[in-house]
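Source file start.cif; content: mmCIF, C-alpha atoms.
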data_final
#
loop_
_atom_site.label_atom_id
_atom_site.label_comp_id
_atom_site.auth_asym_id
_atom_site.auth_seq_id
_atom_site.Cartn_x
_atom_site.Cartn_y
_atom_site.Cartn_z
CA MET A 1 0.00 0.00 0.00
CA HIS A 2 1.31 3.44 -1.01
CA ILE A 3 0.28 6.04 1.60
CA GLY A 4 0.01 9.75 0.85
CA PHE A 5 -0.41 12.64 3.29
CA ILE A 6 -1.93 15.95 2.30
CA GLY A 7 -0.72 18.11 5.16
CA LEU A 8 2.42 17.34 7.14
CA GLY A 9 1.82 19.22 10.37
CA ASP A 10 2.42 17.71 13.79
CA MET A 11 0.04 14.74 13.49
CA GLY A 12 0.64 14.21 9.77
CA ARG A 13 4.40 13.92 10.31
CA LEU A 14 3.92 11.68 13.34
CA TYR A 15 1.95 9.07 11.40
CA ALA A 16 3.95 9.46 8.18
CA LYS A 17 7.08 8.56 10.13
CA ALA A 18 5.34 5.66 11.89
CA PHE A 19 4.15 4.16 8.58
CA ALA A 20 7.56 4.64 6.96
CA ARG A 21 9.28 2.90 9.86
CA ALA A 22 6.79 0.03 9.52
CA GLY A 23 7.96 -0.47 5.91
CA TYR A 24 5.23 1.33 3.94
CA ALA A 25 5.93 3.59 0.97
CA VAL A 26 4.97 7.11 2.10
CA CYS A 27 4.75 10.44 0.31
CA GLY A 28 3.24 13.77 1.25
CA CYS A 29 2.95 17.48 0.67
CA ASP A 30 2.57 20.67 2.64
CA LEU A 31 2.80 24.41 2.04
CA PRO A 32 5.71 25.32 -0.29
CA ALA A 33 7.33 27.44 2.44
CA ASN A 34 7.76 24.31 4.59
CA ARG A 35 9.23 22.06 1.92
CA ALA A 36 12.96 22.46 2.64
CA ARG A 37 12.50 21.87 6.35
CA LEU A 38 10.26 18.86 5.77
CA GLU A 39 12.62 17.29 3.24
CA GLU A 40 15.47 17.55 5.73
CA GLU A 41 13.34 15.90 8.42
CA LEU A 42 11.50 13.26 6.40
CA GLN A 43 13.67 12.19 3.47
CA PRO A 44 16.10 10.20 5.69
CA LEU A 45 13.10 7.97 6.48
CA GLY A 46 12.34 7.50 2.79
CA ILE A 47 9.29 9.78 2.82
CA LYS A 48 8.99 11.53 -0.54
CA LEU A 49 7.90 15.18 -0.70
CA MET A 50 5.53 15.97 -3.59
CA ASP A 51 4.74 19.35 -5.14
CA ASP A 52 1.07 19.38 -4.17
CA GLY A 53 -1.98 17.36 -3.23
CA LYS A 54 -2.78 16.45 -6.83
CA ASP A 55 0.51 14.60 -7.13
CA VAL A 56 -0.12 12.84 -3.81
CA SER A 57 -3.70 11.90 -4.78
CA ARG A 58 -2.77 10.42 -8.17
CA VAL A 59 -0.25 7.88 -6.82
CA SER A 60 -1.55 6.93 -3.36
CA ASP A 61 -3.66 3.89 -2.47
CA LEU A 62 -4.50 5.59 0.83
CA ILE A 63 -4.81 9.37 0.99
CA ILE A 64 -4.87 10.96 4.44
CA TYR A 65 -5.97 14.57 4.74
CA SER A 66 -4.16 16.00 7.74
CA VAL A 67 -5.18 19.66 7.67
CA GLU A 68 -6.97 22.04 10.03
CA ALA A 69 -10.68 21.32 10.29
CA ASP A 70 -11.72 24.77 9.06
CA LYS A 71 -9.46 24.40 5.99
CA LEU A 72 -10.55 20.87 5.06
CA GLU A 73 -13.27 21.74 2.54
CA GLN A 74 -11.01 24.13 0.66
CA VAL A 75 -8.23 21.52 0.43
CA VAL A 76 -10.45 18.54 -0.51
CA ALA A 77 -12.25 20.64 -3.15
CA LEU A 78 -8.85 21.34 -4.72
CA TYR A 79 -7.32 17.86 -4.61
CA GLY A 80 -10.22 15.42 -4.19
CA PRO A 81 -11.02 15.16 -7.92
CA SER A 82 -7.48 13.82 -8.52
CA THR A 83 -8.01 10.83 -6.22
CA LYS A 84 -6.60 7.60 -7.64
CA TYR A 85 -9.30 5.19 -8.83
CA GLY A 86 -10.57 3.05 -5.94
CA ALA A 87 -8.25 4.64 -3.39
CA ILE A 88 -9.10 4.81 0.31
CA VAL A 89 -9.49 8.32 1.70
CA ALA A 90 -9.27 9.22 5.37
CA GLY A 91 -9.02 12.37 7.47
CA GLN A 92 -7.32 13.21 10.73
CA THR A 93 -9.86 15.72 11.99
CA SER A 94 -11.33 14.97 15.39
CA VAL A 95 -14.95 15.66 14.38
CA LYS A 96 -16.29 13.46 11.61
CA HIS A 97 -19.65 15.02 10.66
CA PRO A 98 -18.15 17.86 8.59
CA GLU A 99 -15.31 15.65 7.35
CA ILE A 100 -17.66 13.01 5.92
CA ALA A 101 -19.85 15.71 4.34
CA VAL A 102 -16.83 17.22 2.59
CA PHE A 103 -15.61 13.82 1.37
CA GLU A 104 -19.03 12.93 -0.01
CA LYS A 105 -19.24 16.30 -1.78
CA TYR A 106 -15.85 16.35 -3.51
CA LEU A 107 -14.48 12.80 -3.83
CA PRO A 108 -15.16 10.58 -6.87
CA ALA A 109 -17.88 7.97 -6.41
CA ASP A 110 -15.33 5.14 -6.61
CA ALA A 111 -13.28 6.51 -3.70
CA GLN A 112 -13.59 4.51 -0.49
CA ILE A 113 -14.02 6.42 2.76
CA ILE A 114 -12.62 4.79 5.89
CA THR A 115 -11.56 7.43 8.34
CA PHE A 116 -9.89 7.40 11.73
CA HIS A 117 -9.21 9.44 14.86
CA ALA A 118 -6.01 9.11 16.86
CA MET A 119 -6.95 9.70 20.49
CA HIS A 120 -3.70 11.39 21.44
CA GLY A 121 -1.63 14.43 20.57
CA PRO A 122 1.74 14.68 18.82
CA GLY A 123 3.53 14.31 22.15
CA PHE A 124 2.85 10.55 22.07
CA GLN A 125 4.01 7.95 19.56
CA PRO A 126 1.19 5.86 18.01
CA LYS A 127 2.34 2.65 19.71
CA GLY A 128 -0.09 1.67 22.45
CA GLN A 129 -2.37 4.67 21.91
CA LYS A 130 -6.08 4.33 21.17
CA LEU A 131 -7.10 4.94 17.58
CA ILE A 132 -10.71 4.91 16.42
CA LEU A 133 -11.36 3.29 13.03
CA ILE A 134 -14.60 4.39 11.36
CA PRO A 135 -15.94 2.84 8.15
CA HIS A 136 -18.24 4.85 5.91
CA ARG A 137 -18.06 3.73 2.28
CA HIS A 138 -15.96 0.72 1.29
CA SER A 139 -15.83 -2.61 -0.53
CA GLY A 140 -13.65 -5.70 -0.76
CA ASP A 141 -10.79 -5.96 1.70
CA SER A 142 -10.17 -2.22 2.07
CA TYR A 143 -11.37 -2.11 5.68
CA GLN A 144 -9.10 -5.01 6.61
CA GLN A 145 -6.21 -3.20 4.95
CA MET A 146 -6.81 -0.17 7.15
CA PHE A 147 -7.08 -2.34 10.25
CA ASP A 148 -3.82 -4.11 9.36
CA LEU A 149 -2.11 -0.78 8.71
CA PHE A 150 -2.80 0.57 12.17
CA THR A 151 -2.04 -2.77 13.75
CA ALA A 152 1.37 -2.62 12.05
CA VAL A 153 2.23 0.58 13.93
CA GLU A 154 0.93 -1.01 17.16
CA THR A 155 -1.95 1.35 17.89
CA ASP A 156 -4.78 0.11 20.09
CA VAL A 157 -7.49 0.00 17.42
CA VAL A 158 -11.09 0.59 18.53
CA GLU A 159 -13.75 -0.06 15.89
CA ILE A 160 -16.83 2.17 15.88
CA ALA A 161 -19.74 1.50 13.54
CA ASP A 162 -20.23 5.01 12.15
CA TYR A 163 -19.27 8.65 12.51
CA HIS A 164 -22.46 9.58 14.39
CA GLU A 165 -21.56 7.33 17.32
CA HIS A 166 -17.99 8.61 17.23
CA ASP A 167 -18.97 12.27 17.45
CA LYS A 168 -21.41 11.68 20.32
CA ILE A 169 -18.70 10.05 22.40
CA VAL A 170 -15.91 12.53 21.66
CA ALA A 171 -18.22 15.43 22.50
CA ASP A 172 -17.81 14.16 26.08
CA THR A 173 -14.27 12.79 26.04
CA GLN A 174 -12.80 15.80 24.29
CA ALA A 175 -14.97 18.90 23.81
CA VAL A 176 -16.52 19.13 27.29
CA THR A 177 -13.38 17.84 28.98
CA HIS A 178 -11.31 20.55 27.31
CA VAL A 179 -13.80 23.28 28.23
CA GLY A 180 -13.49 22.30 31.88
CA PHE A 181 -9.71 22.64 31.88
CA GLU A 182 -9.76 25.70 29.62
CA SER A 183 -12.15 27.36 32.07
CA MET A 184 -9.74 26.67 34.92
CA GLY A 185 -6.91 28.25 32.95
CA THR A 186 -9.06 31.26 32.09
CA ALA A 187 -10.11 31.67 35.72
CA TRP A 188 -6.51 31.61 36.95
CA LYS A 189 -5.50 34.12 34.28
CA SER A 190 -8.40 36.42 35.16
CA ALA A 191 -7.56 36.19 38.87
CA GLY A 192 -3.96 37.02 38.02
CA PHE A 193 -2.15 34.18 39.78
CA PHE A 194 -0.46 30.89 38.99
CA PRO A 195 -2.29 28.08 40.82
CA TRP A 196 0.90 26.33 41.93
CA GLU A 197 1.68 29.43 44.00
CA ASN A 198 -1.67 29.26 45.83
CA ALA A 199 -2.29 27.01 48.86
CA SER A 200 -5.81 26.17 47.61
CA TYR A 201 -4.26 24.26 44.71
CA ALA A 202 -1.59 22.26 46.52
CA GLY A 203 -3.25 18.82 46.70
CA GLY A 204 -2.98 15.74 44.52
CA ILE A 205 -6.22 16.39 42.64
CA ASP A 206 -5.10 19.95 41.97
CA ASN A 207 -1.73 18.78 40.66
CA VAL A 208 -3.65 16.78 38.05
CA LYS A 209 -5.88 19.77 37.24
CA ILE A 210 -2.93 22.13 36.82
CA LEU A 211 -0.76 19.82 34.72
CA THR A 212 -3.65 18.81 32.47
CA THR A 213 -4.59 22.46 31.94
CA LEU A 214 -1.00 23.30 31.01
CA ARG A 215 -0.90 20.28 28.70
CA ILE A 216 -3.98 21.47 26.81
CA PHE A 217 -2.69 25.03 26.47
CA SER A 218 0.67 23.75 25.19
CA TYR A 219 -1.02 22.65 21.95
CA LYS A 220 -2.61 24.59 19.10
CA ALA A 221 -5.89 26.43 19.45
CA HIS A 222 -7.37 25.24 16.14
CA VAL A 223 -7.40 21.61 17.32
CA TYR A 224 -9.65 22.38 20.29
CA ALA A 225 -11.75 24.94 18.41
CA GLY A 226 -12.71 22.38 15.78
CA LEU A 227 -13.57 19.76 18.39
CA ALA A 228 -15.95 22.08 20.21
CA ILE A 229 -17.54 24.05 17.40
CA LEU A 230 -17.79 21.60 14.51
CA ASN A 231 -19.18 18.68 16.52
CA PRO A 232 -23.01 18.90 16.44
CA TYR A 233 -23.26 17.06 19.77
CA ALA A 234 -20.70 19.19 21.60
CA ARG A 235 -22.79 22.33 21.98
CA GLN A 236 -25.55 20.48 23.84
CA GLN A 237 -23.07 18.88 26.21
CA VAL A 238 -21.09 22.08 26.81
CA LYS A 239 -24.35 23.91 27.48
CA GLN A 240 -25.31 21.31 30.08
CA TYR A 241 -21.91 21.61 31.73
CA ALA A 242 -22.40 25.38 31.94
CA ASN A 243 -25.94 24.90 33.32
CA SER A 244 -24.72 22.39 35.91
CA GLU A 245 -21.96 24.72 37.05
CA SER A 246 -24.36 27.66 37.24
CA GLU A 247 -26.99 25.76 39.25
CA LEU A 248 -24.40 24.47 41.69
CA PHE A 249 -22.82 27.92 42.05
CA LYS A 250 -26.21 29.46 42.85
CA LEU A 251 -26.81 26.86 45.56
CA MET A 252 -23.34 27.62 46.94
CA ILE A 253 -23.78 31.37 47.22
CA LYS A 254 -27.23 30.90 48.79
CA GLU A 255 -25.72 28.30 51.15
CA GLU A 256 -28.57 25.89 50.41
CA GLU A 257 -26.84 22.85 51.83
CA ALA A 258 -29.72 20.38 51.57
CA GLY A 259 -30.34 21.06 47.88
CA PHE A 260 -26.61 21.09 47.14
CA ARG A 261 -26.06 17.72 48.81
CA GLU A 262 -29.12 16.15 47.23
CA ARG A 263 -28.01 17.20 43.76
CA LEU A 264 -24.43 15.95 44.20
CA TYR A 265 -25.42 12.66 45.83
CA ARG A 266 -27.91 11.93 43.03
CA ALA A 267 -25.19 12.52 40.45
CA ARG A 268 -22.68 10.46 42.45
CA ASP A 269 -24.99 7.47 42.71
CA PHE A 270 -25.62 7.52 38.96
CA VAL A 271 -22.05 8.05 37.71
CA PHE A 272 -20.16 6.02 40.30
CA HIS A 273 -22.57 3.15 40.64
CA GLU A 274 -20.99 0.01 42.10
CA SER A 275 -21.31 -1.70 38.70
CA ARG A 276 -18.69 0.64 37.20
CA LYS A 277 -15.13 -0.66 36.98
CA PRO A 278 -13.12 1.97 38.87
CA ILE A 279 -9.95 3.64 37.58
CA MET A 280 -8.40 3.85 41.07
CA PHE A 281 -5.88 6.70 40.90
CA ASN A 282 -2.95 6.54 43.33
CA ASP A 283 -2.95 9.53 45.70
CA LYS A 284 0.79 9.18 46.38
CA VAL A 285 1.56 9.51 42.67
CA MET A 286 -0.74 12.54 42.29
CA GLN A 287 0.97 14.24 45.24
CA GLU A 288 4.41 13.82 43.66
CA PHE A 289 3.68 15.96 40.62
CA SER A 290 3.67 19.57 41.69
CA LEU A 291 5.05 22.73 40.09
CA ALA A 292 5.04 24.46 43.49
CA GLN A 293 8.27 25.29 45.27
CA ASP A 294 6.34 26.16 48.42
CA ALA A 295 2.68 27.14 48.12
CA GLY A 296 2.28 27.05 51.88
CA HIS A 297 -0.06 24.89 53.98
CA GLN A 298 -2.67 23.17 51.80
CA LYS A 299 -6.13 24.71 52.02
CA PRO A 300 -9.44 22.99 51.17
CA ASN A 301 -10.83 23.40 47.67
CA SER A 302 -14.45 23.32 46.48
CA HIS A 303 -13.47 21.45 43.30
CA LEU A 304 -16.39 23.14 41.55
CA SER A 305 -15.06 22.11 38.12
CA ILE A 306 -15.29 18.42 39.09
CA LEU A 307 -18.65 18.70 40.86
CA SER A 308 -20.05 20.37 37.72
CA MET A 309 -18.80 17.63 35.42
CA VAL A 310 -20.33 14.83 37.45
CA ASP A 311 -23.62 16.74 37.67
CA ALA A 312 -23.56 17.27 33.89
CA TRP A 313 -22.96 13.57 33.23
CA TYR A 314 -26.01 12.78 35.36
CA HIS A 315 -28.27 15.27 33.59
CA LEU A 316 -27.07 14.15 30.15
CA GLY A 317 -27.58 10.49 31.08
CA VAL A 318 -23.95 9.81 30.11
CA ASN A 319 -21.97 6.96 31.62
CA PRO A 320 -18.38 8.25 31.28
CA TYR A 321 -16.97 4.77 31.89
CA ASP A 322 -18.60 3.60 28.64
CA ASN A 323 -16.82 6.45 26.86
CA LEU A 324 -13.41 5.17 27.90
CA ILE A 325 -13.37 3.32 24.57
CA CYS A 326 -12.64 6.76 23.06
CA GLN A 327 -10.57 8.04 25.94
CA THR A 328 -7.87 10.65 25.67
CA PRO A 329 -5.32 11.20 28.45
CA PRO A 330 -7.10 14.39 29.68
CA PHE A 331 -10.46 12.59 29.78
CA ARG A 332 -9.09 9.65 31.74
CA LEU A 333 -7.38 12.06 34.14
CA ARG A 334 -10.60 14.00 34.59
CA LEU A 335 -12.74 10.92 35.20
CA GLY A 336 -10.03 9.55 37.50
CA ILE A 337 -9.93 12.63 39.75
CA ALA A 338 -13.75 12.85 39.75
CA GLU A 339 -13.91 9.23 40.87
CA TYR A 340 -11.23 9.87 43.50
CA LEU A 341 -13.18 12.82 44.91
CA PHE A 342 -16.65 11.29 44.89
CA LYS A 343 -15.63 7.89 46.27
CA ASN A 344 -13.68 9.44 49.16
CA GLU A 345 -16.39 10.43 51.66
CA GLU A 346 -14.07 12.58 53.78
CA LEU A 347 -12.71 14.49 50.80
CA LEU A 348 -16.16 14.96 49.26
CA GLU A 349 -17.47 16.29 52.57
CA GLU A 350 -14.55 18.75 52.75
CA SER A 351 -15.35 19.87 49.20
CA ILE A 352 -19.04 20.41 50.03
CA GLN A 353 -18.28 22.38 53.18
CA THR A 354 -15.70 24.51 51.35
CA ALA A 355 -18.05 25.18 48.44
CA LEU A 356 -20.88 26.30 50.73
CA TYR A 357 -19.15 28.13 53.56
CA ASP A 358 -15.50 28.99 52.82
CA LYS A 359 -15.54 32.58 51.56
CA THR A 360 -11.75 32.61 50.98
CA ILE A 361 -12.17 30.54 47.80
CA ARG A 362 -15.45 32.08 46.65
CA GLY A 363 -13.61 34.61 44.47
CA ASP A 364 -11.83 31.81 42.61
CA ASP A 365 -15.14 30.00 42.10
CA LEU A 366 -16.67 33.21 40.73
CA GLU A 367 -13.83 33.51 38.21
CA PHE A 368 -14.40 29.90 37.20
CA HIS A 369 -18.15 30.51 36.87
CA SER A 370 -17.49 33.48 34.57
CA ALA A 371 -14.96 31.51 32.53
CA VAL A 372 -17.37 28.61 31.93
CA ARG A 373 -20.00 31.08 30.74
CA GLU A 374 -17.50 32.71 28.37
CA TRP A 375 -16.42 29.42 26.81
CA SER A 376 -20.00 28.17 26.56
CA ALA A 377 -21.11 31.36 24.79
CA ILE A 378 -18.23 31.22 22.30
CA ILE A 379 -19.04 27.61 21.44
CA GLY A 380 -22.77 28.30 21.35
CA TYR A 381 -22.25 31.10 18.82
CA GLY A 382 -19.96 28.89 16.72
CA ASP A 383 -17.27 31.56 16.94
CA MET A 384 -14.14 29.77 15.68
CA GLU A 385 -11.95 32.88 15.66
CA GLY A 386 -13.21 33.98 19.07
CA TYR A 387 -12.34 30.54 20.44
CA LYS A 388 -8.80 30.74 19.09
CA LYS A 389 -8.31 34.28 20.41
CA HIS A 390 -9.58 33.35 23.88
CA PHE A 391 -7.39 30.24 23.92
CA ASN A 392 -4.27 32.07 22.78
CA GLU A 393 -4.65 34.78 25.43
CA VAL A 394 -4.65 32.18 28.21
CA GLN A 395 -1.82 30.30 26.52
CA ALA A 396 0.28 33.48 26.59
CA PHE A 397 -0.37 33.90 30.33
CA PHE A 398 1.09 30.46 31.08
CA LYS A 399 3.77 30.59 28.39
CA GLY A 400 6.77 30.21 30.69
CA ARG A 401 5.52 26.95 32.23
CA LEU A 402 3.81 25.16 29.32
CA GLU A 403 6.79 23.07 28.27
CA GLU A 404 7.50 21.90 31.81
CA GLY A 405 3.79 21.26 32.38
CA ASN A 406 3.59 19.18 29.22
CA LYS A 407 6.58 17.05 30.23
CA GLN A 408 5.35 16.52 33.77
CA SER A 409 1.82 15.70 32.61
CA ALA A 410 3.17 13.07 30.19
CA GLU A 411 5.04 11.41 33.05
CA LEU A 412 1.99 11.75 35.33
CA ILE A 413 -0.17 10.06 32.70
CA ARG A 414 2.34 7.25 32.34
CA ARG A 415 2.54 6.68 36.11
CA LEU A 416 -1.20 6.82 36.75
CA MET A 417 -1.97 4.47 33.87
CA GLU A 418 0.58 1.82 34.84
#

Kindly present the structure from the file in structure tokens form.
Amino acid sequence: MHIGFIGLGDMGRLYAKAFARAGYAVCGCDLPANRARLEEELQPLGIKLMDDGKDVSRVSDLIIYSVEADKLEQVVALYGPSTKYGAIVAGQTSVKHPEIAVFEKYLPADAQIITFHAMHGPGFQPKGQKLILIPHRHSGDSYQQMFDLFTAVETDVVEIADYHEHDKIVADTQAVTHVGFESMGTAWKSAGFFPWENASYAGGIDNVKILTTLRIFSYKAHVYAGLAILNPYARQQVKQYANSESELFKLMIKEEEAGFRERLYRARDFVFHESRKPIMFNDKVMQEFSLAQDAGHQKPNSHLSILSMVDAWYHLGVNPYDNLICQTPPFRLRLGIAEYLFKNEELLEESIQTALYDKTIRGDDLEFHSAVREWSAIIGYGDMEGYKKHFNEVQAFFKGRLEEGNKQSAELIRRLME
């Protein structure tokens, strides 16, 4: 099989190299300004740089479009008509509704569409990582060829029947998960402090929150914008997350303890039912990973971001454990710390008491409340550019610690998933 990449950005290069190392013939193209740099990086692996997507499309048995989601239609319209007869076409976007629509619109009728979604970022090699394989239009042994291809690079292949099911699941595992961490980052930026310098964020759960937030902001805005705005199921789920946070925050400021407890316990009993197979995070490992030199004596935290997520899962009727088939590292971390909080009666009680009665953290919770509303509104309006701008502003605030946060989070993920 001859594999061609149209777009050799971070993820395109990652998989092009993996396929080349596995013995496949690989070619690709990117913007002309990047050609010299890409040739220097890729030619030693035998990856051939082509002039444009037409050249790639004419010779490749598998064509992988690895371009930004909001540029996909423009690129497929240009190069899709040159697709080799009977070739398989796939995309690396994380939301498949618009991708499939574009492929159906511009590809020849004989083209086979079997797409995929790598459930990891460019910081991880494909080996051992989950990859979702999604058939749409195919015949003969083409699907088996795709399965064998990803098996050859040792990904953990998960087969999903169609793109509708895929997008419903990743709305939870990616879009809403990212909004939660992005809202934390926005809140810390708005409050004007780094959380590792604040005693309210010195615990194991908070180490996971901080490192995962830094990990997300170390990547490119367009990836997260596409996940949230182009997925038709994401807006509903983000809206529910915002509603859950708002309802809980109102109960907190009114100090309505009975209603607050009832709501949280109902969500706990649904999400963390005894039938669920627990993740069981190690507190000792979580405590090890801190950016703080000395944040002072640890103070209680309301963990409003986690309470809101569990409440949203309950109101959406979502079992997050089922969605682990499409897990990403941030999603598993988020579910893991939610499980750790809700299954530890003493810690949950401390969180409830702090949320209702500790005024010293109320300002932080207000910033988080405002941040969730901001992100929810941007996604609700479908404002791609607004999303990127908002993301980049927070990214700039944390700029000096993103690389370290990314490295530590990768090690944290490895340790917690052992």

- Message: Taking (10.4, 18.2, 6.5) in the coordinates of the supplied file, I want to know which residues reach to within 12 Å of it, counting all atoms listed in the file; could you give the answer as JSON, numbers by chain?
- Response: {"A": [7, 8, 9, 10, 12, 13, 14, 16, 17, 27, 28, 29, 30, 31, 32, 33, 34, 35, 36, 37, 38, 39, 40, 41, 42, 43, 44, 45, 46, 47, 48, 49, 50]}

- Task: Determine the residue set returned by the PyMOL selection byres ((chain A and resi 18) around 12) for the present structure, and present it as a count of residues only.
- Result: 32

- Residues within 6 Å of region 209-218 of chain A, all atoms listed in the file, excluding chain neighbours under 5 positions, as a ChimeraX atom specification: /A:181,395,402,405-406,409

- Skip Ala69 (chain A) itself and residues of its chain fewer than 5 positions away, then list as a PyMOL selection string all residues within 12 Å of it, counting all atoms listed in the file. chain A and resi 7+74-76+91-100+102+221-231+384

- Message: Given the PyMOL selection byres ((chain A and resi 62) around 10) and the file above, list the residues it selects as a ChimeraX atom specification.
- Response: /A:1-5,26,56-57,59-61,63-65,83-84,86-90,111-114,142,145-146

- Contacts of Tyr201 (chain A) at 8 Å or less, counting only C-alpha atoms, minus same-chain residues fewer than 6 places along, as a list in words? Pro195, Asn207, Gln298, Lys299 and Asn301 of chain A

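Take the candidates A:Val318, A:Leu366, A:Ile205, A:Leu107 and check each one against Lys284 (chain A) using all atoms listed in the file; the shortest distance goes to A:Ile205.
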
- Message: Env of region 166-171 of chain A: 12 Å cut, atoms = all atoms listed in the file, seq-sep filter 6 positions within chain, self excluded. Answer as a PyMOL selection string.
- Response: chain A and resi 93-100+115-119+131-136+158-160+177-179+224+226-241+313+316+318-328+331

Polymer residues at most 6 Å from Asp156 (chain A), all atoms listed in the file, same-chain spacing of 2 or more positions, as a CSV table (one decimal) with C-alpha atoms, in the coordinates of the input:
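result_33.csv, written as the output of this step:
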chain,number,residue,atom,x,y,z
A,128,GLY,CA,-0.1,1.7,22.4
A,129,GLN,CA,-2.4,4.7,21.9
A,130,LYS,CA,-6.1,4.3,21.2
A,131,LEU,CA,-7.1,4.9,17.6

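Note that the spacing between CA of Phe193 (chain A) and CA of Phe397 (chain A) amounts to 9.6 Å.
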
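Remark: for Lys250 (chain A), the closest of the candidate residues A:Ile306, A:Ala355, A:Ile361, A:Ala410 is A:Ala355 (distances computed over all atoms listed in the file).
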
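For the set A:Tyr265, A:Phe194, A:Phe368, A:Phe281, the residue with the smallest atom-to-atom gap to Tyr314 (chain A) is A:Tyr265, counting all atoms listed in the file.
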
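Proximity of A:Trp375, A:Asp55, A:Leu412, A:Pro81 to Gly204 (chain A), computed with all atoms listed in the file, is greatest for A:Leu412.
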
- Run the PyMOL selection byres ((chain A and resi 255) around 12) mentally over the shown coordinates, then write out the matched residues as a VMD selection string, using the chain letters and numbers from the document. chain A and resid 248 to 254 256 to 261 352 to 359 362

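Between CA of Leu333 (chain A) and CA of Gly382 (chain A) the interatomic distance comes to 27.3 Å.
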
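Comparing the minimum interatomic distances between Glu349 (chain A) and each of A:Val67, A:Ile378, A:Val208, A:Leu264, counting only C-alpha atoms, we find that A:Leu264 sits nearest.
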
Put a box with edges along x, y and z around all the listed atoms of region 154-165 of chain A, pad it by 8 Å on each side, then give me its centre and sizes in Å, one decimal, as lines of an AutoDock Vina configuration file.
center_x = -10.8
center_y = 4.3
center_z = 16.1
size_x = 39.4
size_y = 26.6
size_z = 23.9

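From CA of Asp52 (chain A) back to CA of Ser82 (chain A), the distance works out to 11.1 Å.
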
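Among A:His303, A:His390, A:Asp311, A:Ser290, the residue with the shortest atom-to-atom distance to Glu350 (chain A), counting only C-alpha atoms, is A:His303.
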